[in-house]
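Shown next: run-v1.pdb, given as PDB, C-alpha atoms and all ligand atoms.
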ATOM      1  CA  MET A 126     161.004 196.751 187.602  1.00  0.00           C
ATOM      2  CA  GLU A 127     160.453 200.236 189.006  1.00  0.00           C
ATOM      3  CA  ARG A 128     162.297 203.535 188.739  1.00  0.00           C
ATOM      4  CA  SER A 129     162.526 206.346 191.300  1.00  0.00           C
ATOM      5  CA  LEU A 130     163.796 209.901 190.923  1.00  0.00           C
ATOM      6  CA  VAL A 131     166.384 210.666 193.593  1.00  0.00           C
ATOM      7  CA  LEU A 132     167.688 214.157 194.339  1.00  0.00           C
ATOM      8  CA  ILE A 133     170.734 214.774 196.500  1.00  0.00           C
ATOM      9  CA  LYS A 134     169.533 218.042 198.037  1.00  0.00           C
ATOM     10  CA  PRO A 135     171.666 221.210 198.563  1.00  0.00           C
ATOM     11  CA  ASP A 136     172.321 220.458 202.258  1.00  0.00           C
ATOM     12  CA  ALA A 137     173.756 217.034 201.425  1.00  0.00           C
ATOM     13  CA  MET A 138     175.935 218.551 198.678  1.00  0.00           C
ATOM     14  CA  GLN A 139     177.190 221.260 201.078  1.00  0.00           C
ATOM     15  CA  ARG A 140     177.993 218.665 203.717  1.00  0.00           C
ATOM     16  CA  GLY A 141     179.824 216.324 201.354  1.00  0.00           C
ATOM     17  CA  LEU A 142     177.288 213.517 201.769  1.00  0.00           C
ATOM     18  CA  ALA A 143     176.467 212.918 198.087  1.00  0.00           C
ATOM     19  CA  GLY A 144     178.744 209.897 197.789  1.00  0.00           C
ATOM     20  CA  THR A 145     177.464 208.372 201.012  1.00  0.00           C
ATOM     21  CA  ILE A 146     173.843 208.709 199.938  1.00  0.00           C
ATOM     22  CA  ILE A 147     174.468 207.299 196.456  1.00  0.00           C
ATOM     23  CA  SER A 148     176.507 204.491 197.977  1.00  0.00           C
ATOM     24  CA  ARG A 149     173.748 203.498 200.412  1.00  0.00           C
ATOM     25  CA  LEU A 150     171.235 203.255 197.578  1.00  0.00           C
ATOM     26  CA  GLU A 151     173.657 201.275 195.400  1.00  0.00           C
ATOM     27  CA  ARG A 152     174.572 198.894 198.217  1.00  0.00           C
ATOM     28  CA  ARG A 153     170.874 198.269 198.769  1.00  0.00           C
ATOM     29  CA  GLY A 154     170.919 196.757 195.282  1.00  0.00           C
ATOM     30  CA  LEU A 155     169.386 199.637 193.349  1.00  0.00           C
ATOM     31  CA  LYS A 156     170.942 200.413 189.986  1.00  0.00           C
ATOM     32  CA  ILE A 157     171.835 203.883 188.678  1.00  0.00           C
ATOM     33  CA  VAL A 158     170.305 204.297 185.219  1.00  0.00           C
ATOM     34  CA  ALA A 159     170.661 208.118 184.941  1.00  0.00           C
ATOM     35  CA  MET A 160     172.603 210.816 186.783  1.00  0.00           C
ATOM     36  CA  LYS A 161     173.456 214.526 186.394  1.00  0.00           C
ATOM     37  CA  MET A 162     174.518 217.566 188.401  1.00  0.00           C
ATOM     38  CA  LEU A 163     172.458 220.709 187.973  1.00  0.00           C
ATOM     39  CA  GLN A 164     171.173 223.782 189.754  1.00  0.00           C
ATOM     40  CA  MET A 165     167.367 223.759 189.719  1.00  0.00           C
ATOM     41  CA  ASP A 166     165.711 227.019 188.709  1.00  0.00           C
ATOM     42  CA  LYS A 167     162.513 228.321 190.284  1.00  0.00           C
ATOM     43  CA  ALA A 168     160.300 227.037 187.462  1.00  0.00           C
ATOM     44  CA  LEU A 169     161.658 223.487 187.714  1.00  0.00           C
ATOM     45  CA  ALA A 170     161.381 223.557 191.528  1.00  0.00           C
ATOM     46  CA  GLN A 171     157.772 224.715 191.355  1.00  0.00           C
ATOM     47  CA  ARG A 172     156.895 221.932 188.894  1.00  0.00           C
ATOM     48  CA  HIS A 173     158.741 219.265 190.867  1.00  0.00           C
ATOM     49  CA  TYR A 174     157.010 220.267 194.108  1.00  0.00           C
ATOM     50  CA  VAL A 175     153.642 221.183 192.544  1.00  0.00           C
ATOM     51  CA  VAL A 176     151.691 218.972 194.996  1.00  0.00           C
ATOM     52  CA  HIS A 177     152.941 221.207 197.838  1.00  0.00           C
ATOM     53  CA  GLN A 178     151.902 224.483 196.184  1.00  0.00           C
ATOM     54  CA  GLY A 179     149.900 226.577 198.670  1.00  0.00           C
ATOM     55  CA  LYS A 180     151.405 224.948 201.762  1.00  0.00           C
ATOM     56  CA  ALA A 181     153.101 227.171 204.359  1.00  0.00           C
ATOM     57  CA  PHE A 182     156.548 225.722 203.625  1.00  0.00           C
ATOM     58  CA  PHE A 183     156.311 225.887 199.788  1.00  0.00           C
ATOM     59  CA  ASN A 184     158.188 229.145 199.095  1.00  0.00           C
ATOM     60  CA  ASP A 185     160.980 228.293 201.539  1.00  0.00           C
ATOM     61  CA  LEU A 186     161.241 224.839 199.996  1.00  0.00           C
ATOM     62  CA  VAL A 187     161.639 226.330 196.497  1.00  0.00           C
ATOM     63  CA  ASP A 188     164.314 228.751 197.813  1.00  0.00           C
ATOM     64  CA  PHE A 189     166.144 225.881 199.513  1.00  0.00           C
ATOM     65  CA  ILE A 190     166.115 223.425 196.613  1.00  0.00           C
ATOM     66  CA  THR A 191     167.339 226.122 194.179  1.00  0.00           C
ATOM     67  CA  SER A 192     170.015 227.459 196.564  1.00  0.00           C
ATOM     68  CA  SER A 193     172.960 225.436 195.207  1.00  0.00           C
ATOM     69  CA  PRO A 194     173.734 222.619 192.752  1.00  0.00           C
ATOM     70  CA  ILE A 195     172.241 219.197 193.336  1.00  0.00           C
ATOM     71  CA  ILE A 196     172.602 215.710 191.873  1.00  0.00           C
ATOM     72  CA  ALA A 197     169.588 214.151 190.180  1.00  0.00           C
ATOM     73  CA  ALA A 198     169.556 210.419 189.553  1.00  0.00           C
ATOM     74  CA  VAL A 199     167.232 207.636 188.523  1.00  0.00           C
ATOM     75  CA  PHE A 200     167.544 204.419 190.513  1.00  0.00           C
ATOM     76  CA  GLU A 201     166.030 201.224 189.158  1.00  0.00           C
ATOM     77  CA  GLY A 202     165.150 197.969 190.849  1.00  0.00           C
ATOM     78  CA  GLU A 203     162.468 195.635 192.147  1.00  0.00           C
ATOM     79  CA  LYS A 204     160.076 197.811 194.211  1.00  0.00           C
ATOM     80  CA  ALA A 205     162.578 200.678 193.788  1.00  0.00           C
ATOM     81  CA  ILE A 206     160.103 203.334 194.961  1.00  0.00           C
ATOM     82  CA  GLU A 207     159.452 201.714 198.332  1.00  0.00           C
ATOM     83  CA  ALA A 208     163.086 200.646 198.714  1.00  0.00           C
ATOM     84  CA  VAL A 209     164.369 204.200 198.129  1.00  0.00           C
ATOM     85  CA  ARG A 210     161.780 205.681 200.541  1.00  0.00           C
ATOM     86  CA  GLN A 211     162.734 203.187 203.235  1.00  0.00           C
ATOM     87  CA  THR A 212     166.465 203.781 202.736  1.00  0.00           C
ATOM     88  CA  MET A 213     165.817 207.574 202.964  1.00  0.00           C
ATOM     89  CA  GLY A 214     163.695 207.425 206.134  1.00  0.00           C
ATOM     90  CA  THR A 215     160.602 209.485 206.954  1.00  0.00           C
ATOM     91  CA  THR A 216     160.300 213.181 205.992  1.00  0.00           C
ATOM     92  CA  ASP A 217     161.118 214.478 209.488  1.00  0.00           C
ATOM     93  CA  PRO A 218     164.674 213.274 210.201  1.00  0.00           C
ATOM     94  CA  VAL A 219     164.045 213.438 213.959  1.00  0.00           C
ATOM     95  CA  LYS A 220     161.404 210.737 213.531  1.00  0.00           C
ATOM     96  CA  ALA A 221     163.325 208.730 210.919  1.00  0.00           C
ATOM     97  CA  SER A 222     164.737 205.358 211.968  1.00  0.00           C
ATOM     98  CA  PRO A 223     168.413 205.120 212.819  1.00  0.00           C
ATOM     99  CA  GLY A 224     170.059 203.352 209.900  1.00  0.00           C
ATOM    100  CA  SER A 225     168.120 205.411 207.365  1.00  0.00           C
ATOM    101  CA  ILE A 226     169.832 208.314 205.553  1.00  0.00           C
ATOM    102  CA  ARG A 227     167.680 210.967 207.227  1.00  0.00           C
ATOM    103  CA  GLY A 228     167.780 209.176 210.589  1.00  0.00           C
ATOM    104  CA  ASP A 229     171.572 209.006 210.515  1.00  0.00           C
ATOM    105  CA  PHE A 230     172.438 212.429 209.066  1.00  0.00           C
ATOM    106  CA  GLY A 231     169.566 214.873 209.620  1.00  0.00           C
ATOM    107  CA  LEU A 232     167.570 216.883 212.140  1.00  0.00           C
ATOM    108  CA  ASP A 233     165.850 219.494 209.984  1.00  0.00           C
ATOM    109  CA  ILE A 234     162.470 218.756 208.341  1.00  0.00           C
ATOM    110  CA  GLN A 235     163.267 220.991 205.366  1.00  0.00           C
ATOM    111  CA  GLN A 236     166.972 220.263 204.922  1.00  0.00           C
ATOM    112  CA  ASN A 237     166.486 216.503 204.910  1.00  0.00           C
ATOM    113  CA  LEU A 238     169.215 215.550 202.468  1.00  0.00           C
ATOM    114  CA  VAL A 239     167.442 213.508 199.823  1.00  0.00           C
ATOM    115  CA  HIS A 240     164.319 213.230 197.684  1.00  0.00           C
ATOM    116  CA  GLY A 241     162.762 210.000 196.417  1.00  0.00           C
ATOM    117  CA  SER A 242     159.545 209.616 194.404  1.00  0.00           C
ATOM    118  CA  ASP A 243     156.520 208.550 196.454  1.00  0.00           C
ATOM    119  CA  SER A 244     154.570 206.557 193.817  1.00  0.00           C
ATOM    120  CA  ALA A 245     154.937 205.127 190.319  1.00  0.00           C
ATOM    121  CA  GLU A 246     152.855 208.018 188.984  1.00  0.00           C
ATOM    122  CA  SER A 247     155.028 210.713 190.629  1.00  0.00           C
ATOM    123  CA  ALA A 248     158.186 208.864 189.582  1.00  0.00           C
ATOM    124  CA  GLU A 249     157.175 208.981 185.939  1.00  0.00           C
ATOM    125  CA  LYS A 250     156.326 212.695 186.099  1.00  0.00           C
ATOM    126  CA  GLU A 251     159.428 213.619 188.115  1.00  0.00           C
ATOM    127  CA  ILE A 252     161.847 211.614 185.961  1.00  0.00           C
ATOM    128  CA  SER A 253     160.529 213.352 182.834  1.00  0.00           C
ATOM    129  CA  LEU A 254     161.193 216.774 184.419  1.00  0.00           C
ATOM    130  CA  PHE A 255     164.888 215.981 184.866  1.00  0.00           C
ATOM    131  CA  PHE A 256     165.812 213.499 182.127  1.00  0.00           C
ATOM    132  CA  THR A 257     165.132 212.924 178.430  1.00  0.00           C
ATOM    133  CA  PRO A 258     164.635 209.270 177.405  1.00  0.00           C
ATOM    134  CA  GLU A 259     168.136 209.323 175.810  1.00  0.00           C
ATOM    135  CA  GLU A 260     169.683 210.215 179.176  1.00  0.00           C
ATOM    136  CA  ILE A 261     168.313 207.057 180.810  1.00  0.00           C
ATOM    137  CA  PHE A 262     170.429 203.957 180.235  1.00  0.00           C
ATOM    138  CA  GLU A 263     169.094 200.426 179.872  1.00  0.00           C
ATOM    139  CA  HIS A 264     172.121 198.482 181.035  1.00  0.00           C
ATOM    140  CA  PRO A 265     171.472 195.006 182.408  1.00  0.00           C
ATOM    141  CA  LYS A 266     173.888 194.027 185.150  1.00  0.00           C
ATOM    142  CA  LYS A 267     175.457 190.582 184.866  1.00  0.00           C
ATOM    143  CA  THR A 268     173.418 189.647 187.945  1.00  0.00           C
ATOM    144  CA  ASP A 269     170.059 190.870 186.509  1.00  0.00           C
TER     145      ASP A 269
HETATM  146  P1  LIG B 301     159.208 213.677 201.303  1.00  0.00           P
HETATM  147  O1  LIG B 301     160.436 214.392 200.787  1.00  0.00           O
HETATM  148  O2  LIG B 301     159.548 212.760 202.443  1.00  0.00           O
HETATM  149  O3  LIG B 301     158.404 212.990 200.230  1.00  0.00           O
HETATM  150  P2  LIG B 301     157.082 215.682 201.351  1.00  0.00           P
HETATM  151  O4  LIG B 301     155.950 215.674 202.320  1.00  0.00           O
HETATM  152  O5  LIG B 301     156.793 215.286 199.943  1.00  0.00           O
HETATM  153  O6  LIG B 301     158.271 214.783 201.976  1.00  0.00           O
HETATM  154  O7  LIG B 301     157.706 217.143 201.368  1.00  0.00           O
HETATM  155  C1  LIG B 301     158.618 217.551 200.372  1.00  0.00           C
HETATM  156  C2  LIG B 301     159.770 218.274 201.033  1.00  0.00           C
HETATM  157  O8  LIG B 301     159.270 219.487 201.610  1.00  0.00           O
HETATM  158  C3  LIG B 301     160.408 217.540 202.221  1.00  0.00           C
HETATM  159  O9  LIG B 301     161.348 216.570 201.835  1.00  0.00           O
HETATM  160  C4  LIG B 301     161.034 218.687 202.975  1.00  0.00           C
HETATM  161  O10 LIG B 301     162.241 219.129 202.352  1.00  0.00           O
HETATM  162  C5  LIG B 301     159.968 219.773 202.823  1.00  0.00           C
HETATM  163  N1  LIG B 301     158.988 219.770 203.915  1.00  0.00           N
HETATM  164  C6  LIG B 301     158.004 218.864 204.143  1.00  0.00           C
HETATM  165  N2  LIG B 301     157.288 219.169 205.241  1.00  0.00           N
HETATM  166  C7  LIG B 301     157.818 220.311 205.714  1.00  0.00           C
HETATM  167  C8  LIG B 301     157.504 221.153 206.845  1.00  0.00           C
HETATM  168  O11 LIG B 301     156.592 220.900 207.636  1.00  0.00           O
HETATM  169  N3  LIG B 301     158.304 222.254 207.012  1.00  0.00           N
HETATM  170  C9  LIG B 301     159.329 222.569 206.171  1.00  0.00           C
HETATM  171  N4  LIG B 301     159.634 221.821 205.102  1.00  0.00           N
HETATM  172  C10 LIG B 301     158.907 220.697 204.882  1.00  0.00           C
HETATM  173 MG    MG B 302     157.364 213.784 198.637  1.00  0.00          MG
END

Structure rendered as structure tokens:
Amino acid sequence: MERSLVLIKPDAMQRGLAGTIISRLERRGLKIVAMKMLQMDKALAQRHYVVHQGKAFFNDLVDFITSSPIIAAVFEGEKAIEAVRQTMGTTDPVKASPGSIRGDFGLDIQQNLVHGSDSAESAEKEISLFFTPEEIFEHPKKTD
């Protein structure tokens, strides 16, 4: 069983797409095991996006992700990391497949609605930035 950190980014919150995004991930069969609303500060944004430090878009990305409240969640399931990434669509929404979240709702490479961890290693690091172990719920579904 894998876990992925999902962020509903400021653009999705502004556009009222949080429920739609969460719903698509749930309908896929992924289970919510943690969720909170928060406004990221600069320090948290810089740690979350540390692999992009030094890139041309880094400072703008930090400004964007801290610009308004977001929802952070942990989704759990079989191959959850790949399943979340596929449900999100590729980074550039213009290139993302129709039927994916980014392909259906986005055009902007920065304001691309949703974050999902890209590997088990990043998932573990990212989840620990947003959630304490007590905030993550082990709750078997009747169908598990
Ligand atoms: P991902 O979110 O699909 O994993 P990453 O390459 O990890 O994509 O980039 C992190 C975030 O940085 C993207 O989701 C997007 O918001 C932003 N970003 C990535 N590439 C660019 C770019 O070329 N210009 C502006 N923003 C970008
Ligand atoms: Mg990434």

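The residues returned by the PyMOL selection byres (((chain A and resi 162) around 8) and not hetatm) on the shown structure are Met160, Lys161, Leu163, Gln164, Pro194, Ile195, Ile196 and Ala197 of chain A.
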
Run through the PyMOL selection byres (((not hetatm)) within 9 of (chain B and resi 301)) on the given coordinates and return the selected residues as a PyMOL selection string.
chain A and resi 134+174+176-177+180-183+185-187+189-190+210+213-217+233-243

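Between ligand MG 302 (chain B) and the residues A:Val199, A:Ile206, A:Lys156, A:Asp188, the shortest atom-to-atom distance, using only C-alpha atoms and all ligand atoms, involves A:Ile206.
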
Run the PyMOL selection byres (((chain A and resi 252-265) around 8) and not hetatm) mentally over the shown coordinates, then write out the matched residues as a PyMOL selection string, using the chain letters and numbers from the document.
chain A and resi 129-130+158-159+169+173+197+199+248-251+266-269

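Between CA of Gly224 in chain A and CA of Glu151 in chain A there is a distance of 15.1 Å.
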
Written record: range 205-230 of chain A, N, CA, C and O atoms, as a tab-separated table (two decimals), in the first residue's frame:
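Output saved as out_15.tsv:
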chain	number	residue	atom	x	y	z
A	205	ALA	N	-0.61	4.06	-5.21
A	205	ALA	CA	-1.24	5.38	-5.06
A	205	ALA	C	-0.44	6.50	-5.75
A	205	ALA	O	-1.02	7.43	-6.31
A	206	ILE	N	0.89	6.39	-5.73
A	206	ILE	CA	1.71	7.47	-6.29
A	206	ILE	C	1.47	7.59	-7.79
A	206	ILE	O	1.17	8.67	-8.31
A	207	GLU	N	1.57	6.45	-8.48
A	207	GLU	CA	1.34	6.47	-9.93
A	207	GLU	C	-0.12	6.80	-10.25
A	207	GLU	O	-0.41	7.54	-11.20
A	208	ALA	N	-1.04	6.27	-9.47
A	208	ALA	CA	-2.46	6.50	-9.73
A	208	ALA	C	-2.82	7.98	-9.58
A	208	ALA	O	-3.55	8.55	-10.40
A	209	VAL	N	-2.27	8.63	-8.55
A	209	VAL	CA	-2.53	10.07	-8.36
A	209	VAL	C	-1.93	10.85	-9.53
A	209	VAL	O	-2.59	11.71	-10.12
A	210	ARG	N	-0.68	10.53	-9.90
A	210	ARG	CA	-0.01	11.27	-10.99
A	210	ARG	C	-0.80	11.14	-12.29
A	210	ARG	O	-0.95	12.09	-13.04
A	211	GLN	N	-1.30	9.94	-12.54
A	211	GLN	CA	-2.05	9.72	-13.79
A	211	GLN	C	-3.39	10.46	-13.74
A	211	GLN	O	-3.82	11.03	-14.75
A	212	THR	N	-4.04	10.47	-12.60
A	212	THR	CA	-5.32	11.17	-12.46
A	212	THR	C	-5.13	12.68	-12.58
A	212	THR	O	-5.98	13.38	-13.11
A	213	MET	N	-3.95	13.19	-12.11
A	213	MET	CA	-3.62	14.62	-12.23
A	213	MET	C	-3.35	15.03	-13.67
A	213	MET	O	-3.72	16.11	-14.09
A	214	GLY	N	-2.63	14.19	-14.41
A	214	GLY	CA	-2.13	14.57	-15.74
A	214	GLY	C	-0.76	15.20	-15.66
A	214	GLY	O	-0.28	15.54	-14.57
A	215	THR	N	-0.10	15.36	-16.81
A	215	THR	CA	1.28	15.86	-16.84
A	215	THR	C	1.36	17.32	-16.37
A	215	THR	O	0.35	18.04	-16.37
A	216	THR	N	2.58	17.74	-16.00
A	216	THR	CA	2.80	19.07	-15.41
A	216	THR	C	2.20	20.20	-16.23
A	216	THR	O	1.56	21.10	-15.68
A	217	ASP	N	2.43	20.17	-17.55
A	217	ASP	CA	1.89	21.22	-18.42
A	217	ASP	C	0.47	20.83	-18.84
A	217	ASP	O	0.28	19.90	-19.62
A	218	PRO	N	-0.53	21.55	-18.31
A	218	PRO	CA	-1.92	21.17	-18.58
A	218	PRO	C	-2.26	21.12	-20.07
A	218	PRO	O	-3.15	20.37	-20.48
A	219	VAL	N	-1.56	21.93	-20.88
A	219	VAL	CA	-1.84	21.93	-22.32
A	219	VAL	C	-1.50	20.57	-22.93
A	219	VAL	O	-2.14	20.13	-23.88
A	220	LYS	N	-0.51	19.92	-22.34
A	220	LYS	CA	-0.09	18.60	-22.85
A	220	LYS	C	-0.77	17.43	-22.13
A	220	LYS	O	-0.65	16.28	-22.54
A	221	ALA	N	-1.48	17.74	-21.04
A	221	ALA	CA	-2.11	16.68	-20.25
A	221	ALA	C	-3.30	16.07	-20.99
A	221	ALA	O	-3.99	16.76	-21.75
A	222	SER	N	-3.50	14.77	-20.79
A	222	SER	CA	-4.60	14.09	-21.50
A	222	SER	C	-5.95	14.61	-21.05
A	222	SER	O	-6.17	14.83	-19.85
A	223	PRO	N	-6.86	14.74	-22.01
A	223	PRO	CA	-8.26	15.01	-21.62
A	223	PRO	C	-8.72	13.88	-20.70
A	223	PRO	O	-8.33	12.72	-20.91
A	224	GLY	N	-9.49	14.21	-19.70
A	224	GLY	CA	-9.90	13.18	-18.73
A	224	GLY	C	-9.06	13.25	-17.47
A	224	GLY	O	-9.48	12.77	-16.43
A	225	SER	N	-7.88	13.87	-17.57
A	225	SER	CA	-7.09	14.09	-16.36
A	225	SER	C	-7.51	15.44	-15.76
A	225	SER	O	-8.11	16.27	-16.44
A	226	ILE	N	-7.17	15.65	-14.48
A	226	ILE	CA	-7.57	16.91	-13.81
A	226	ILE	C	-6.96	18.11	-14.54
A	226	ILE	O	-7.65	19.06	-14.89
A	227	ARG	N	-5.65	18.04	-14.78
A	227	ARG	CA	-5.00	19.18	-15.46
A	227	ARG	C	-5.47	19.31	-16.90
A	227	ARG	O	-5.65	20.42	-17.41
A	228	GLY	N	-5.67	18.19	-17.56
A	228	GLY	CA	-6.13	18.21	-18.96
A	228	GLY	C	-7.54	18.76	-19.11
A	228	GLY	O	-7.88	19.36	-20.12
A	229	ASP	N	-8.35	18.57	-18.08
A	229	ASP	CA	-9.74	19.04	-18.16
A	229	ASP	C	-9.93	20.46	-17.65
A	229	ASP	O	-10.85	21.15	-18.08
A	230	PHE	N	-9.05	20.91	-16.71
A	230	PHE	CA	-9.33	22.19	-16.05
A	230	PHE	C	-8.23	23.24	-16.18
A	230	PHE	O	-8.39	24.34	-15.68
